[in-house]
Each structure stands twice: as C-alpha cells, then as structure tokens.
There are 2 protein chains.
Amino acid sequence: MTKHKDNKTEEQILEAAQKIFQAKGMDGARMQEIADKASINKAMLHYYYRSKQLLFEAVFKKSFALLAPQLNAILNDDSSLEDKIKNFTHNYISFIIKHPYLPNFIIQELNRNPEFIKKIKKNVAFPNINKFKLQVQKEVNAGNIIPISAEQLFINILALNIFPFVASPLIKAFTEVDDNDYKSLLEARKKEVSDFIINAIKK
Amino acid sequence: MTKHKDNKTEEQILEAAQKIFQAKGMDGARMQEIADKASINKAMLHYYYRSKQLLFEAVFKKSFALLAPQLNAILNDDSSLEDKIKNFTHNYISFIIKHPYLPNFIIQELNRNPEFIKKIKKNVAFPNINKFKLQVQKEVNAGNIIPISAEQLFINILALNIFPFVASPLIKAFTEVDDNDYKSLLEARKKEVSDFIINAIKK
DNA sequence: ATATTTGTTAACCAAATAGTTAAACCAAAG
DNA sequence: CTTTGGTTTAACTATTTGGTTAACAAATAT
C-alpha cells in the first residue's frame with residue numbers, strides 16, 4: 001500500500017504539471033498555475049509532491065519514460081537496419097505529432113541541468129547503443145553500406161527525426177510555410193526521412 | 001549622438017547578459033547575477049536597458065544576428081549545391097564549437113515565445129528560402145539529384161548540423177561517450193555530415 | 001458511535017526578485 | 001572655481017512565489 005490511498009488527485013496534478021512544465025519549463029512554470037489547471041488548492045501540490053523540484057522530477061521521469069521506448073526501437077529491435085530506419089521514422093514522427101512538446105522539453109531541461117541524466121538512468125529503463133553498434137559494424141564489414149560509425153548514424157537518425165519538432169519556429173520562419181503546410185511537411189517526412197537515410201548509407 | 005556618451009559599460013552589460021541568458025534562459029536568469037558578472041550595480045542594468053525584457057531582447061537580437069549569416073550561406077550563396085553543403089557543414093560546425101550555447105538558446109526562446117520571431121524579422125537581416133528553392137529545383141529537373149523539395153533538404157541540412165549541439169546531453173547519455181570523445185565526434189562530423197547529405201541526394 | 005487517519009482548504013510567511021529613488025560622484029565645459 | 005550633465009551607488013519598495021500551518025472535512029478503523 002502506498003502513502004496515499006486515492007490516486008485520482010495525484011494523477012490530476014501530474015497531468016496538469018506535465019502540461020505546464022512542458023510548455024514553460026521548470027523556471028517558467030508556476031505552482032499556482034499548475035494548481036489552477038488541476039482545479040485544486042496549491043497546498044495539495046505540496047501535500048502530494050512535497051516541492052516544485054520533486055513534482056518536476058516526477059513529470060520529467062514520466063515524459064522520459066515515454067520517449068525512451070521509442071529510441072529503443074532503433075537500438076534494440078531485432079529487425080534489419082533498413083526496416084529499423086523505415087519503422088522508426090514512421091513511428092516516431094507519428095508519436096511526436098501526438099506529443100509535440102515532448103522532445104523540446106526533454107532536451108531543454110537536460111541542457112539546463114546535464115547532471116539530471118544520472119538520476120534518470122537509475123529510475124527509467126535506459127537503452128544503450130551496444131547492440132546497434134554490432135549491427136552497424138556487421139553491415140559495414142559485409143559491404144552492404146558505406147563505412148559509418150554506429151554513433152554517427154544514430155545521431156543522424158535522431159537529428160533528422162527530432163530536429164523538425166524542436167526547431168519548428170525557426171524553420172517556419174526561414175521556409176515561410178504556415179502551420180498547416182508545416183504539418184503536411186512533417187507528415188511527408190515519415191517517408192522522406194527514411195528514404196534519405198537509406199540512400200545516404202547505400203554504397 | 002545617442003543617449004549615452006560612453007558605451008563601455010553598456011557593452012560590458014550586454015556581454016554578461018549574453019552569457020547568463022544563454023546559459024539559463026530568460027526565466028532562469030537573474031538580473032543580480034548579470035550585474036555581478038558585469039561587475040556593476042544592478043541599477044545600471046535598468047539605467048541602460050530599462051527592463052529585463054528589453055535587455056533580453058537586445059541579447060537575443062545580437063545572438064540571432066550572429067546565427068543568421070551562417071544560414072545565409074546555404075540560402076543565398078552563389079556556389080554549387082555540393083560546394084554549399086560541404087562549406088556550410090564545415091563552417092557551421094566550426095562556428096558553433098566557438099558558440100556552443102547559441103543554437104540551443106535561440107531555439108529554446110523561440111519555442112517559449114514563437115511570436116518573437118516577428119519582432120526579429122523587423123530588426124535583423126533575415127534570409128529566406130527563395131533562391132535556394134530555385135537552385136534545388138534546377139538540380140532536380142536536370143536529373144543531377146533525386147527528387148526532393150528545397151524545404152525538406154534545408155531541414156535535413158540544418159537538422160544534421162545543429163541537432164548534435166542542441167541535444168548533446170541526450171546523445172551523450174545514449175551513446176555513452178564522454179565529453180572528449182564527443183568533441184572528436186563533432187569534429188569528425190565536419191566531413192561526415194556533408195558526405196552523408198551528398199550521398200543521400202545522389203541518384 | 002467514536003477515534004483516528006487521510007484529504008482539502010484558506011490564510012499566512014519568508015525569501016527572492018524586478019524595478020525605483022535619491023543622493024553622491026566625476027569629468028568636462030563655462 | 002563652479003556649474004552642468006551623464007554615470008554610479010546603496011538603500012528601498014512592491015510584488016511574486018514556493019512553501020507552511022492550522023483548522024476543518026471526509027473517510028476508515030476500532
């Protein structure tokens with residue numbers, strides 16, 4: 001049995017906090033605003049989560065736990081490299097369209113406090129690159145793809161998939177597309193990006 | 001003649017503010033901390049820049065004015081597409097190694113307040129994609145590269161170059177490389193990225 | 001029924017923080 | 001030397017904000 005019998009309020013708080021923190025970041029978020037969004041008294045936030053810092057950490061962990069399995073699809077899936085790239089780009093872009101604040105939130109808060117990643121590693125299932133590394137090396141040695149390190153390829157895959165969501169205001173400004181066109185553009189990337197990557201590593 | 005005769009202090013403030021704002025963002029920065037870093041009294045900040053908001057905007061504009069010409073090298077240079085990609089990736093990565101906080105700062109603050117881009121457009125030379133669009137279309141029509149829209153190619157180029165700097169804590173965690181190895185990795189990308197892109201758009 | 005634990009609220013508190021004020025300072029012009 | 005103008009400082013203010021407290025309500029156990 002946990003400390004609190006009823007988790008309805010607790011859940012309500014976490015959802016409200018997630019929205020506010022993701023939109024405004026740790027520093028920009030206000031406890032009062034979170035309480036308002038959760039339709040409860042501010043004291044309740046402290047009753048359930050003790051401090052802003054702990055509430056934030058709960059939100060961050062939950063968000064990270066949502067993202068990590070997505071990346072796991074590249075790093076630890078058993079499919080072929082080409083299938084992985086195709087599936088990942090398709091799935092990831094669909095996933096982020098549903099959670100548009102997520103990547104920016106995680107990236108931003110990790111930059112604010114890079115030490116934080118250590119705390120997360122202890123609490124959340126954390127994929128690593130080892131298996132993917134073997135897979136890439138094998139493909140390179142077999143001569144199926146150009147010589148490339150698993151790290152660089154991994155960065156490229158993440159970059160092409162995540163960046164358009166993180167930098168959307170910047171890109172919109174330079175390309176002069178409106179919100180609707182940008183949406184179509186992202187939709188098109190489900191295929192564009194995997195073609196681009198596969199072509200790039202083909203001999 | 002401007003309002004202030006001596007701009008030494010003004011410049012000192014701007015430099016200190018740039019460091020603090022880039023490291024902590026608008027919400028995380030403290031006026032007192034900026035004053036301390038500039039080795040002056042807090043009242044001076046207000047004497048020269050009136051408010052935190054205006055000081056922030058001065059810093060943002062200055063930062064953006066540093067970044068914009070870099071992007072201009074893709075959008076409005078006269079060189080061939082292949083040269084552009086080679087030069088840009090090489091130059092941009094060198095540039096950012098010198099200003100590591102810059103891309104994250106700009107992206108973060110634009111996300112916090114997307115309206116802000118309008119204010120910038122009025123004050124800073126703002127490249128647009130039109131010329132680049134013609135160039136890409138020409139190359140596609142001539143059959144020199146695979147069919148791709150200028151917007152998607154532009155996004156891909158930016159993504160591959162900028163993302164590794166914006167998401168470094170995340171990438172470091174997943175790839176399990178330390179700070180030194182990550183530096184080498186970025187250095188290697190000066191060539192890796194342009195090869196990757198050129199290979200990707202080759203028929 | 002009654003005692004006890006858990007959940008909720010309004011009012012309060014102390015610290016932090018952006019911004020102000022008024023006086024002092026100081027160099028250059030008269 | 002004195003006046004004048006911008007510059008600089010210390011002290012102050014008003015407000016915001018994270019967090020606390022004590023009373024109260026509702027549920028649960030005895």
# chains A, B, ... in the order shown; residues from 1 in each chain; ligands from 1
>>> residues_around(residues="A:Leu45", least_positions_apart="5", cutoff="10 Å", atoms="only C-alpha atoms (C1' of nucleotides)", output="list in words")
Thr9, Glu10, Ile13, Leu14, Ala17, Met31, Gln32, Ile34, Ala35, Ala38, Ile40, Arg50, Ser51, Lys52 and Leu55 of chain A
>>> interface_residues(of="chain C", to="chain B", cutoff="10 Å", atoms="only C-alpha atoms (C1' of nucleotides)", output="list in words")
DT17, DA18, DG19 and DT20 of chain C
>>> interface_residues(of="chain D", to="chain A", cutoff="10 Å", atoms="only C-alpha atoms (C1' of nucleotides)", output="JSON, numbers by chain")
{"D": [17, 18, 19, 20]}
>>> write_last_selection(atoms="C-alpha atoms (C1' of nucleotides)", output="compact mmCIF listing (two decimals), in the first residue's frame")
# COMPACT_ATOMS: atom_id res chain seq x y z
C1' DT D 17 6.33 32.87 -5.35
C1' DG D 18 7.48 28.42 -3.09
C1' DG D 19 6.32 26.63 0.88
C1' DT D 20 3.88 26.17 5.71
>>> residues_around(residues="stretch 24-29 of chain D", least_positions_apart="6", cutoff="10 Å", atoms="only C-alpha atoms (C1' of nucleotides)", output="VMD selection string")
chain C and resid 3 to 9
>>> atom_distance(atom1="atom CA of A:Pro169", atom2="atom CA of B:Phe95")
21.8 Å
>>> interface_residues(of="chain B", to="chain A", cutoff="7 Å", atoms="only C-alpha atoms", output="list in words")
Lys24, Asp27, Gly28, Ile107, Leu110, Asn111, Arg112, Pro114, Pro127, Asn128, Ile129, Glu151, Ile155, Asn156, Ala159, Leu160, Phe163, Pro164, Ala167, Pro169, Leu170, Phe174, Thr175, Phe196, Ile197, Asn199 and Ala200 of chain B
>>> write_last_selection(atoms="N, CA and C atoms", output="mmCIF file, in the first residue's frame")
data_model
loop_
_atom_site.group_PDB
_atom_site.id
_atom_site.type_symbol
_atom_site.label_atom_id
_atom_site.label_comp_id
_atom_site.auth_asym_id
_atom_site.auth_seq_id
_atom_site.Cartn_x
_atom_site.Cartn_y
_atom_site.Cartn_z
ATOM 1 N N LYS B 24 21.049 30.169 -18.988
ATOM 2 C CA LYS B 24 19.896 29.884 -18.127
ATOM 3 C C LYS B 24 18.545 30.248 -18.725
ATOM 4 N N ASP B 27 13.787 32.948 -18.259
ATOM 5 C CA ASP B 27 13.160 32.691 -16.961
ATOM 6 C C ASP B 27 14.169 32.336 -15.867
ATOM 7 N N GLY B 28 15.226 31.666 -16.248
ATOM 8 C CA GLY B 28 16.189 31.226 -15.252
ATOM 9 C C GLY B 28 17.219 32.282 -14.882
ATOM 10 N N ILE B 107 16.728 28.443 -30.215
ATOM 11 C CA ILE B 107 15.610 27.513 -30.382
ATOM 12 C C ILE B 107 14.707 27.521 -29.162
ATOM 13 N N LEU B 110 12.690 30.818 -28.867
ATOM 14 C CA LEU B 110 11.641 30.905 -29.888
ATOM 15 C C LEU B 110 10.491 29.977 -29.562
ATOM 16 N N ASN B 111 10.787 28.851 -28.957
ATOM 17 C CA ASN B 111 9.711 27.962 -28.546
ATOM 18 C C ASN B 111 8.889 28.550 -27.414
ATOM 19 N N ARG B 112 9.580 29.214 -26.532
ATOM 20 C CA ARG B 112 8.906 29.835 -25.402
ATOM 21 C C ARG B 112 7.944 30.922 -25.888
ATOM 22 N N PRO B 114 6.900 32.018 -29.679
ATOM 23 C CA PRO B 114 7.030 31.972 -31.140
ATOM 24 C C PRO B 114 6.708 33.317 -31.817
ATOM 25 N N PRO B 127 17.353 35.957 -43.830
ATOM 26 C CA PRO B 127 17.407 35.226 -45.108
ATOM 27 C C PRO B 127 16.095 34.511 -45.377
ATOM 28 N N ASN B 128 15.756 34.329 -46.666
ATOM 29 C CA ASN B 128 14.633 33.433 -46.960
ATOM 30 C C ASN B 128 15.044 32.395 -47.993
ATOM 31 N N ILE B 129 14.126 31.469 -48.234
ATOM 32 C CA ILE B 129 14.499 30.245 -48.937
ATOM 33 C C ILE B 129 14.383 30.337 -50.465
ATOM 34 N N GLU B 151 12.631 22.685 -49.216
ATOM 35 C CA GLU B 151 12.316 22.780 -47.791
ATOM 36 C C GLU B 151 12.820 21.557 -47.038
ATOM 37 N N ILE B 155 15.745 21.539 -44.237
ATOM 38 C CA ILE B 155 15.531 20.995 -42.886
ATOM 39 C C ILE B 155 16.567 19.925 -42.573
ATOM 40 N N ASN B 156 16.813 19.045 -43.533
ATOM 41 C CA ASN B 156 17.780 17.972 -43.287
ATOM 42 C C ASN B 156 19.180 18.521 -43.018
ATOM 43 N N ALA B 159 19.133 20.106 -39.590
ATOM 44 C CA ALA B 159 18.986 19.073 -38.571
ATOM 45 C C ALA B 159 20.321 18.385 -38.302
ATOM 46 N N LEU B 160 20.963 17.930 -39.357
ATOM 47 C CA LEU B 160 22.208 17.168 -39.186
ATOM 48 C C LEU B 160 23.315 18.025 -38.584
ATOM 49 N N PHE B 163 21.429 19.753 -34.651
ATOM 50 C CA PHE B 163 20.927 18.855 -33.609
ATOM 51 C C PHE B 163 21.984 18.322 -32.637
ATOM 52 N N PRO B 164 23.150 17.903 -33.130
ATOM 53 C CA PRO B 164 24.140 17.352 -32.192
ATOM 54 C C PRO B 164 24.565 18.335 -31.105
ATOM 55 N N ALA B 167 21.162 18.733 -28.674
ATOM 56 C CA ALA B 167 20.761 17.551 -27.889
ATOM 57 C C ALA B 167 21.941 16.825 -27.278
ATOM 58 N N PRO B 169 23.426 16.505 -24.351
ATOM 59 C CA PRO B 169 23.329 15.678 -23.133
ATOM 60 C C PRO B 169 22.581 14.371 -23.391
ATOM 61 N N LEU B 170 21.550 14.455 -24.220
ATOM 62 C CA LEU B 170 20.770 13.256 -24.549
ATOM 63 C C LEU B 170 21.616 12.257 -25.326
ATOM 64 N N PHE B 174 22.991 8.303 -24.372
ATOM 65 C CA PHE B 174 22.652 7.072 -25.101
ATOM 66 C C PHE B 174 23.869 6.416 -25.737
ATOM 67 N N THR B 175 24.790 7.247 -26.207
ATOM 68 C CA THR B 175 25.951 6.656 -26.879
ATOM 69 C C THR B 175 27.069 6.353 -25.898
ATOM 70 N N PHE B 196 27.427 12.475 -45.979
ATOM 71 C CA PHE B 196 26.120 11.832 -45.761
ATOM 72 C C PHE B 196 25.040 12.489 -46.615
ATOM 73 N N ILE B 197 25.013 13.806 -46.582
ATOM 74 C CA ILE B 197 23.981 14.524 -47.329
ATOM 75 C C ILE B 197 24.161 14.345 -48.827
ATOM 76 N N ASN B 199 25.671 12.013 -50.454
ATOM 77 C CA ASN B 199 25.324 10.646 -50.829
ATOM 78 C C ASN B 199 23.810 10.433 -50.853
ATOM 79 N N ALA B 200 23.143 11.090 -49.929
ATOM 80 C CA ALA B 200 21.690 10.907 -49.812
ATOM 81 C C ALA B 200 20.936 11.469 -50.999
#
>>> residues_around(residues="A:Asn76", least_positions_apart="2", cutoff="7 Å", atoms="only C-alpha atoms (C1' of nucleotides)", output="list of chain:residue names")
A:Asn72, A:Ala73, A:Ile74, A:Asp78, A:Lys131, A:Phe132
>>> write_last_selection(atoms="N, CA and C atoms", output="PDB file, in the first residue's frame")
ATOM      1  N   ASN A  72      14.440   2.979 -28.152  1.00  0.00           N
ATOM      2  CA  ASN A  72      14.773   1.565 -28.048  1.00  0.00           C
ATOM      3  C   ASN A  72      14.504   0.825 -29.357  1.00  0.00           C
ATOM      4  N   ALA A  73      13.543   1.317 -30.115  1.00  0.00           N
ATOM      5  CA  ALA A  73      13.209   0.688 -31.391  1.00  0.00           C
ATOM      6  C   ALA A  73      14.371   0.747 -32.381  1.00  0.00           C
ATOM      7  N   ILE A  74      15.219   1.745 -32.252  1.00  0.00           N
ATOM      8  CA  ILE A  74      16.422   1.751 -33.093  1.00  0.00           C
ATOM      9  C   ILE A  74      17.500   0.880 -32.481  1.00  0.00           C
ATOM     10  N   ASP A  78      15.084  -6.263 -33.248  1.00  0.00           N
ATOM     11  CA  ASP A  78      15.786  -7.347 -33.951  1.00  0.00           C
ATOM     12  C   ASP A  78      15.713  -7.242 -35.471  1.00  0.00           C
ATOM     13  N   LYS A 131      24.099  -2.951 -28.821  1.00  0.00           N
ATOM     14  CA  LYS A 131      23.571  -3.889 -29.808  1.00  0.00           C
ATOM     15  C   LYS A 131      23.557  -3.278 -31.209  1.00  0.00           C
ATOM     16  N   PHE A 132      23.137  -2.022 -31.258  1.00  0.00           N
ATOM     17  CA  PHE A 132      23.079  -1.303 -32.539  1.00  0.00           C
ATOM     18  C   PHE A 132      24.468  -1.199 -33.158  1.00  0.00           C
TER      19      PHE A 132
END
>>> residues_around(residues="C:DT21", least_positions_apart="6", cutoff="10 Å", atoms="only C-alpha atoms (C1' of nucleotides)", output="list in words")
DA11, DC12 and DT13 of chain D
>>> write_last_selection(atoms="N, CA and C atoms (P, O5', C5', C4', C3', O3' and C1' of nucleotides)", output="PDB file, in the first residue's frame")
ATOM      1  P    DA D  11      23.777  50.729   2.196  1.00  0.00           P
ATOM      2  O5'  DA D  11      22.241  51.141   2.081  1.00  0.00           O
ATOM      3  C5'  DA D  11      21.881  52.521   2.070  1.00  0.00           C
ATOM      4  C4'  DA D  11      20.402  52.641   1.775  1.00  0.00           C
ATOM      5  C3'  DA D  11      19.535  51.619   2.507  1.00  0.00           C
ATOM      6  O3'  DA D  11      18.463  52.291   3.162  1.00  0.00           O
ATOM      7  C1'  DA D  11      19.083  51.575   0.179  1.00  0.00           C
ATOM      8  P    DC D  12      17.316  51.463   3.928  1.00  0.00           P
ATOM      9  O5'  DC D  12      16.141  51.479   2.855  1.00  0.00           O
ATOM     10  C5'  DC D  12      15.840  52.695   2.173  1.00  0.00           C
ATOM     11  C4'  DC D  12      14.767  52.437   1.124  1.00  0.00           C
ATOM     12  C3'  DC D  12      13.633  51.532   1.615  1.00  0.00           C
ATOM     13  O3'  DC D  12      12.416  52.241   1.504  1.00  0.00           O
ATOM     14  C1'  DC D  12      14.442  50.840  -0.529  1.00  0.00           C
ATOM     15  P    DT D  13      11.053  51.565   2.041  1.00  0.00           P
ATOM     16  O5'  DT D  13      10.363  51.070   0.696  1.00  0.00           O
ATOM     17  C5'  DT D  13      10.322  51.930  -0.432  1.00  0.00           C
ATOM     18  C4'  DT D  13       9.524  51.237  -1.523  1.00  0.00           C
ATOM     19  C3'  DT D  13       8.379  50.385  -0.984  1.00  0.00           C
ATOM     20  O3'  DT D  13       7.232  50.667  -1.752  1.00  0.00           O
ATOM     21  C1'  DT D  13       9.782  49.068  -2.363  1.00  0.00           C
TER      22       DT D  13
END
>>> atom_distance(atom1="atom CA of A:Thr89", atom2="atom CA of A:Lys190")
5.7 Å
>>> select_by_dssp(residues="chain B", states="alpha helix (DSSP H)", output="mmCIF file with C-alpha atoms, in the first residue's frame")
data_model
loop_
_atom_site.group_PDB
_atom_site.id
_atom_site.type_symbol
_atom_site.label_atom_id
_atom_site.label_comp_id
_atom_site.auth_asym_id
_atom_site.auth_seq_id
_atom_site.Cartn_x
_atom_site.Cartn_y
_atom_site.Cartn_z
ATOM 1 C CA LYS B 8 31.879 50.691 -22.497
ATOM 2 C CA THR B 9 29.577 49.830 -19.597
ATOM 3 C CA GLU B 10 26.726 49.175 -21.974
ATOM 4 C CA GLU B 11 28.845 46.665 -23.852
ATOM 5 C CA GLN B 12 30.019 45.065 -20.606
ATOM 6 C CA ILE B 13 26.422 44.549 -19.586
ATOM 7 C CA LEU B 14 25.444 43.060 -22.908
ATOM 8 C CA GLU B 15 28.271 40.546 -22.785
ATOM 9 C CA ALA B 16 27.465 39.473 -19.256
ATOM 10 C CA ALA B 17 23.779 39.279 -20.066
ATOM 11 C CA GLN B 18 24.504 37.182 -23.123
ATOM 12 C CA LYS B 19 26.395 34.632 -21.063
ATOM 13 C CA ILE B 20 23.766 34.384 -18.359
ATOM 14 C CA PHE B 21 20.754 34.381 -20.679
ATOM 15 C CA GLN B 22 22.301 31.809 -22.991
ATOM 16 C CA ALA B 23 23.139 29.527 -20.094
ATOM 17 C CA LYS B 24 19.896 29.884 -18.127
ATOM 18 C CA GLY B 25 17.276 31.310 -20.459
ATOM 19 C CA MET B 26 15.020 34.281 -19.873
ATOM 20 C CA ASP B 27 13.160 32.691 -16.961
ATOM 21 C CA GLY B 28 16.189 31.226 -15.252
ATOM 22 C CA MET B 31 19.322 40.471 -13.014
ATOM 23 C CA GLN B 32 21.568 40.397 -9.961
ATOM 24 C CA GLU B 33 23.632 37.611 -11.472
ATOM 25 C CA ILE B 34 24.062 39.562 -14.681
ATOM 26 C CA ALA B 35 25.110 42.634 -12.716
ATOM 27 C CA ASP B 36 27.633 40.568 -10.755
ATOM 28 C CA LYS B 37 29.102 39.074 -13.917
ATOM 29 C CA LYS B 42 22.093 46.207 -10.542
ATOM 30 C CA ALA B 43 20.603 49.658 -11.033
ATOM 31 C CA MET B 44 22.911 50.128 -14.009
ATOM 32 C CA LEU B 45 21.165 47.368 -15.889
ATOM 33 C CA HIS B 46 17.974 49.333 -15.667
ATOM 34 C CA TYR B 47 19.713 52.594 -16.390
ATOM 35 C CA TYR B 48 20.994 51.227 -19.699
ATOM 36 C CA TYR B 49 18.278 48.771 -20.712
ATOM 37 C CA LYS B 52 14.800 42.615 -18.050
ATOM 38 C CA GLN B 53 12.631 42.106 -21.113
ATOM 39 C CA LEU B 54 14.451 44.799 -23.103
ATOM 40 C CA LEU B 55 17.862 43.565 -22.031
ATOM 41 C CA PHE B 56 16.839 40.097 -23.064
ATOM 42 C CA GLU B 57 15.668 41.304 -26.436
ATOM 43 C CA ALA B 58 18.958 43.087 -27.024
ATOM 44 C CA VAL B 59 20.802 39.860 -26.272
ATOM 45 C CA PHE B 60 18.505 37.790 -28.428
ATOM 46 C CA LYS B 61 18.845 40.105 -31.387
ATOM 47 C CA LYS B 62 22.605 40.101 -31.083
ATOM 48 C CA SER B 63 22.679 36.312 -30.916
ATOM 49 C CA PHE B 64 20.322 35.932 -33.802
ATOM 50 C CA ALA B 65 22.350 38.355 -35.881
ATOM 51 C CA LEU B 66 25.296 36.049 -35.337
ATOM 52 C CA LEU B 67 23.439 32.969 -36.500
ATOM 53 C CA ALA B 68 21.549 34.382 -39.465
ATOM 54 C CA PRO B 69 24.561 34.995 -41.742
ATOM 55 C CA GLN B 70 25.585 31.385 -41.228
ATOM 56 C CA LEU B 71 22.289 30.156 -42.594
ATOM 57 C CA ASN B 72 22.548 32.673 -45.369
ATOM 58 C CA ALA B 73 25.489 30.636 -46.638
ATOM 59 C CA ILE B 74 23.071 27.889 -47.616
ATOM 60 C CA LEU B 75 20.239 30.009 -48.797
ATOM 61 C CA LEU B 81 24.814 22.796 -54.280
ATOM 62 C CA GLU B 82 27.579 20.347 -53.481
ATOM 63 C CA ASP B 83 30.037 23.087 -52.538
ATOM 64 C CA LYS B 84 27.424 24.759 -50.416
ATOM 65 C CA ILE B 85 26.766 21.631 -48.434
ATOM 66 C CA LYS B 86 30.476 20.983 -47.954
ATOM 67 C CA ASN B 87 31.284 24.526 -46.950
ATOM 68 C CA PHE B 88 28.283 25.029 -44.751
ATOM 69 C CA THR B 89 28.722 21.909 -42.669
ATOM 70 C CA HIS B 90 32.394 22.626 -42.225
ATOM 71 C CA ASN B 91 31.958 26.280 -41.364
ATOM 72 C CA TYR B 92 28.857 25.909 -39.266
ATOM 73 C CA ILE B 93 30.292 23.225 -37.040
ATOM 74 C CA SER B 94 33.454 25.289 -36.520
ATOM 75 C CA PHE B 95 31.294 28.284 -35.768
ATOM 76 C CA ILE B 96 29.161 26.539 -33.172
ATOM 77 C CA ILE B 97 32.103 24.953 -31.423
ATOM 78 C CA LYS B 98 33.018 28.564 -30.661
ATOM 79 C CA LEU B 102 23.881 29.741 -29.315
ATOM 80 C CA PRO B 103 21.613 27.307 -31.187
ATOM 81 C CA ASN B 104 20.001 25.985 -28.058
ATOM 82 C CA PHE B 105 19.362 29.474 -26.766
ATOM 83 C CA ILE B 106 17.695 30.624 -29.949
ATOM 84 C CA ILE B 107 15.610 27.513 -30.382
ATOM 85 C CA GLN B 108 14.528 27.464 -26.774
ATOM 86 C CA GLU B 109 13.492 31.086 -26.586
ATOM 87 C CA LEU B 110 11.641 30.905 -29.888
ATOM 88 C CA ASN B 111 9.711 27.962 -28.546
ATOM 89 C CA ARG B 112 8.906 29.835 -25.402
ATOM 90 C CA PHE B 116 9.047 36.804 -31.020
ATOM 91 C CA ILE B 117 10.225 35.918 -34.492
ATOM 92 C CA LYS B 118 8.101 38.718 -35.929
ATOM 93 C CA LYS B 119 9.918 41.308 -33.851
ATOM 94 C CA ILE B 120 13.237 39.897 -35.015
ATOM 95 C CA LYS B 121 12.271 39.909 -38.663
ATOM 96 C CA LYS B 122 11.898 43.674 -38.499
ATOM 97 C CA ASN B 123 15.295 44.282 -36.941
ATOM 98 C CA ASN B 130 13.510 31.520 -52.396
ATOM 99 C CA LYS B 131 16.867 31.481 -54.111
ATOM 100 C CA PHE B 132 17.751 28.092 -52.660
ATOM 101 C CA LYS B 133 14.432 26.772 -53.887
ATOM 102 C CA LEU B 134 15.240 27.670 -57.492
ATOM 103 C CA GLN B 135 18.664 26.095 -57.191
ATOM 104 C CA VAL B 136 17.327 22.800 -55.872
ATOM 105 C CA GLN B 137 14.539 22.646 -58.441
ATOM 106 C CA LYS B 138 17.051 23.193 -61.206
ATOM 107 C CA GLU B 139 19.257 20.356 -59.984
ATOM 108 C CA VAL B 140 16.277 18.050 -59.660
ATOM 109 C CA ASN B 141 14.998 18.913 -63.138
ATOM 110 C CA ALA B 150 14.139 22.560 -51.121
ATOM 111 C CA GLU B 151 12.316 22.780 -47.791
ATOM 112 C CA GLN B 152 12.974 19.155 -46.899
ATOM 113 C CA LEU B 153 16.592 19.383 -47.958
ATOM 114 C CA PHE B 154 17.032 22.586 -45.978
ATOM 115 C CA ILE B 155 15.531 20.995 -42.886
ATOM 116 C CA ASN B 156 17.780 17.972 -43.287
ATOM 117 C CA ILE B 157 20.895 20.100 -43.601
ATOM 118 C CA LEU B 158 20.006 22.133 -40.536
ATOM 119 C CA ALA B 159 18.986 19.073 -38.571
ATOM 120 C CA LEU B 160 22.208 17.168 -39.186
ATOM 121 C CA ASN B 161 24.331 20.191 -38.338
ATOM 122 C CA ILE B 162 22.500 21.764 -35.443
ATOM 123 C CA PHE B 163 20.927 18.855 -33.609
ATOM 124 C CA PRO B 164 24.140 17.352 -32.192
ATOM 125 C CA PHE B 165 24.754 20.616 -30.359
ATOM 126 C CA VAL B 166 21.228 21.086 -29.135
ATOM 127 C CA SER B 168 24.259 16.790 -26.675
ATOM 128 C CA PRO B 169 23.329 15.678 -23.133
ATOM 129 C CA LEU B 170 20.770 13.256 -24.549
ATOM 130 C CA ILE B 171 23.102 11.866 -27.184
ATOM 131 C CA LYS B 172 25.982 11.558 -24.750
ATOM 132 C CA ALA B 173 23.789 9.530 -22.442
ATOM 133 C CA PHE B 174 22.652 7.072 -25.101
ATOM 134 C CA THR B 175 25.951 6.656 -26.879
ATOM 135 C CA ASP B 179 32.946 14.897 -23.265
ATOM 136 C CA ASN B 180 36.259 14.455 -25.012
ATOM 137 C CA ASP B 181 35.064 11.714 -27.322
ATOM 138 C CA TYR B 182 32.013 13.768 -28.101
ATOM 139 C CA LYS B 183 34.233 16.635 -29.163
ATOM 140 C CA SER B 184 36.086 14.369 -31.579
ATOM 141 C CA LEU B 185 32.787 13.063 -32.817
ATOM 142 C CA LEU B 186 31.621 16.582 -33.615
ATOM 143 C CA GLU B 187 34.935 17.400 -35.249
ATOM 144 C CA ALA B 188 34.556 14.337 -37.474
ATOM 145 C CA ARG B 189 31.096 15.479 -38.479
ATOM 146 C CA LYS B 190 32.560 18.367 -40.443
ATOM 147 C CA LYS B 191 33.261 15.798 -43.133
ATOM 148 C CA GLU B 192 30.832 13.023 -42.179
ATOM 149 C CA VAL B 193 27.757 15.173 -42.487
ATOM 150 C CA SER B 194 28.483 16.600 -45.892
ATOM 151 C CA ASP B 195 29.328 13.152 -47.250
ATOM 152 C CA PHE B 196 26.120 11.832 -45.761
ATOM 153 C CA ILE B 197 23.981 14.524 -47.329
ATOM 154 C CA ILE B 198 25.648 14.417 -50.721
ATOM 155 C CA ASN B 199 25.324 10.646 -50.829
ATOM 156 C CA ALA B 200 21.690 10.907 -49.812
ATOM 157 C CA ILE B 201 20.697 13.162 -52.683
#
>>> atom_distance(atom1="atom CA of A:Asn7", atom2="atom C1' of D:DA22")
24.6 Å
